[in-house]
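Everything below concerns the one structure shown next.
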Amino acid sequence: MKRKIAPKSNPNNTGLVFNPKFLEHEIYYGHPESPERLKRIMEQLKNDNLLECLERIHPVDNPLQYICKVHTQDHIRSIQDISITGEVAKLAVAHVLGAVQVVSMGKNQNAFCVVRPPGHHAHNAGYEEGFCYYNNVAIAAKYAHEIMGFKKILIVDWDYHHGNGTQDAFITDSNVLYFSTHNLFDFPGSGYPEIIGYEEGKGFNVNVPLGFGATDKDIISVFEEILKPIAVKFQPDFILISAGFDSRKDDLLGCFNITDDGFSRLTQIVMDIAYKYCEGRIVSVLEGGYNLEGLAKAVSCHIKELMTYRTE
Ligand SMILES: [Zn+2]
């Protein structure tokens, strides 16, 4: 029998992004980045009695005007030409921006985006990179900064893989601080700690590689000892999480050993930072995670934390 956890309310008014159209995109049948991932997440949220408490977030109109802040017209044209996928990728961005909008306005304290395709590997290649087409989180950071007027955006990326697309989008930008934990010796092969940013962006790119089999203790100590002091200095106005759960134990594509409790703790640390500097504003966006059962459980734990009111 499934254990049911019924939160009495949603004191943070945590919002949820989901659209069944996200299930229509498929790289090919049997690919690990499958529609089943989102189906299982939504089932888990329902079984854990979270779904009924989470307010659904609507997409923004005309997302292409914001997508082009990160992606070239050539890239956008090529992606738009991919049947079904082009539309789904655009819709995913529109929903993530919808989340940034409602959290910016204070309508929702924070939000989780159950979206696919993921985004953090996307540059301007004109095709899919690492299962990504448009960089959802990078576009969200630009939107939070340029449209919503937040000065300093912190991106926390705990996916097993390095978010090379996001790093490269802001490598010379001091308004967006990109912080990533990842395995350096896996796809995409970037994420060296020496890469700290260039020009204006020098010091605003923080790569912290973890070793094979990294545990809760390893990643939590990095968040406590490296991310927290960085946040004290940076004082973000808005926080985005590239929430990849392929860093969870037993993932098909990852080899870290982060548990669901570990993800709860990481969420708490990011929330502590958010409450301290930016009135709790967090938009968390799904990236990887390919063990269907593990992904669903980890997402549920992450959302439960987001729903829990905390103060520093
Ligand atoms: Zn990944």
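Residue numbering restarts at 1 in every chain; chains get A, B, ... in the order shown in the structure tokens, and ligands count up from 1 in that same order.
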
Please report as JSON lines every residue of chain A lying within 6 Å of ligand 1, along with the nearest atom pair and their distance in Å (one decimal), using only C-alpha atoms and all ligand atoms.
{"residue": "A:Asp159", "atom": "CA", "partner": "ligand 1", "partner_atom_place_in_ligand_line": "1 (Zn)", "distance": 5.0}
{"residue": "A:Tyr160", "atom": "CA", "partner": "ligand 1", "partner_atom_place_in_ligand_line": "1 (Zn)", "distance": 4.9}
{"residue": "A:His161", "atom": "CA", "partner": "ligand 1", "partner_atom_place_in_ligand_line": "1 (Zn)", "distance": 4.3}
{"residue": "A:Gly244", "atom": "CA", "partner": "ligand 1", "partner_atom_place_in_ligand_line": "1 (Zn)", "distance": 5.8}
{"residue": "A:Asp246", "atom": "CA", "partner": "ligand 1", "partner_atom_place_in_ligand_line": "1 (Zn)", "distance": 5.5}
{"residue": "A:Gly288", "atom": "CA", "partner": "ligand 1", "partner_atom_place_in_ligand_line": "1 (Zn)", "distance": 4.3}

Would you save the residues of that selection, restricted to C-alpha atoms, as a short mmCIF file (atom, residue, chain, number, x, y, z; two decimals), in the first residue's frame?
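Output below, filename part22.cif:
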data_model
loop_
_atom_site.label_atom_id
_atom_site.label_comp_id
_atom_site.auth_asym_id
_atom_site.auth_seq_id
_atom_site.Cartn_x
_atom_site.Cartn_y
_atom_site.Cartn_z
CA ASP A 159 21.46 18.06 -12.19
CA TYR A 160 24.08 15.28 -12.52
CA HIS A 161 25.27 16.88 -15.76
CA GLY A 244 17.70 17.62 -12.38
CA ASP A 246 19.61 12.24 -12.49
CA GLY A 288 16.99 15.42 -16.04
#

Extract the full set of strand (DSSP E or B) residues from segment 78-184 of chain A according to DSSP on the backbone, and format it as a ChimeraX atom specification.
/A:110-113,129,132,153-157,176-182

Dump of N, CA and C atoms for the selected residues, as a compact mmCIF listing (two decimals), in the first residue's frame:
# COMPACT_ATOMS: atom_id res chain seq x y z
N ASN A 110 6.52 30.42 -4.50
CA ASN A 110 7.49 29.69 -5.32
C ASN A 110 6.70 28.76 -6.24
N ALA A 111 7.43 28.06 -7.13
CA ALA A 111 6.74 27.20 -8.09
C ALA A 111 7.67 26.10 -8.55
N PHE A 112 7.05 24.96 -8.91
CA PHE A 112 7.81 23.89 -9.56
C PHE A 112 7.22 23.65 -10.95
N CYS A 113 8.11 23.49 -11.91
CA CYS A 113 7.69 23.32 -13.31
C CYS A 113 7.95 21.89 -13.76
N GLU A 129 20.48 19.32 -28.16
CA GLU A 129 21.75 19.01 -27.49
C GLU A 129 21.40 18.41 -26.13
N CYS A 132 17.92 18.65 -25.04
CA CYS A 132 17.41 20.02 -24.82
C CYS A 132 17.29 20.78 -26.14
N ILE A 153 20.06 37.52 -10.44
CA ILE A 153 19.41 36.22 -10.54
C ILE A 153 20.43 35.13 -10.20
N LEU A 154 20.05 34.27 -9.27
CA LEU A 154 20.90 33.12 -8.93
C LEU A 154 20.29 31.86 -9.55
N ILE A 155 21.12 31.13 -10.30
CA ILE A 155 20.68 29.84 -10.84
C ILE A 155 21.44 28.74 -10.11
N VAL A 156 20.70 27.83 -9.49
CA VAL A 156 21.30 26.69 -8.79
C VAL A 156 20.97 25.44 -9.61
N ASP A 157 22.00 24.75 -10.08
CA ASP A 157 21.80 23.59 -10.97
C ASP A 157 22.37 22.34 -10.29
N VAL A 176 23.65 37.50 -13.58
CA VAL A 176 23.17 36.13 -13.39
C VAL A 176 24.33 35.28 -12.89
N LEU A 177 24.18 34.73 -11.70
CA LEU A 177 25.23 33.87 -11.14
C LEU A 177 24.81 32.42 -11.33
N TYR A 178 25.64 31.69 -12.07
CA TYR A 178 25.35 30.27 -12.32
C TYR A 178 26.20 29.40 -11.40
N PHE A 179 25.52 28.56 -10.61
CA PHE A 179 26.18 27.66 -9.66
C PHE A 179 25.78 26.22 -10.01
N SER A 180 26.76 25.36 -10.23
CA SER A 180 26.43 23.98 -10.64
C SER A 180 27.26 22.94 -9.91
N THR A 181 26.58 21.88 -9.45
CA THR A 181 27.26 20.66 -9.02
C THR A 181 26.99 19.61 -10.10
N HIS A 182 28.00 18.81 -10.42
CA HIS A 182 27.87 17.87 -11.55
C HIS A 182 29.05 16.91 -11.57

Residues flagged alpha helix (DSSP H) by DSSP in segment 4-228 of chain A, as a count of residues only:
66

Need to verify the contact set: Asn12 of chain A, 8 Å, only C-alpha atoms, exclusion of same-chain residues closer than 5 positions in sequence. Can you return it as a count of residues only?
7

For Phe187 of chain A, which residue among A:Ile239, A:Leu253, A:Asn13, A:Asp216 is the nearest when counting only C-alpha atoms?
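Once distances to Phe187 of chain A are computed over only C-alpha atoms, the minimum belongs to A:Leu253.
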
May I ask which of the residues A:Thr14, A:Ser284, A:Asn257, A:Asn136 is the closest one to Lys69 of chain A, counting only C-alpha atoms?
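Between A:Thr14, A:Ser284, A:Asn257, A:Asn136, the residue approaching Lys69 of chain A most closely is A:Asn136.
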
Write out as a count of residues only which residues come within 7 Å of Ile171 of chain A when counting only C-alpha atoms, dropping same-chain ones fewer than 6 positions away.
4

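One distance worth recording is that between atom CA of His58 of chain A and atom CA of Arg77 of chain A, which is 24.7 Å.
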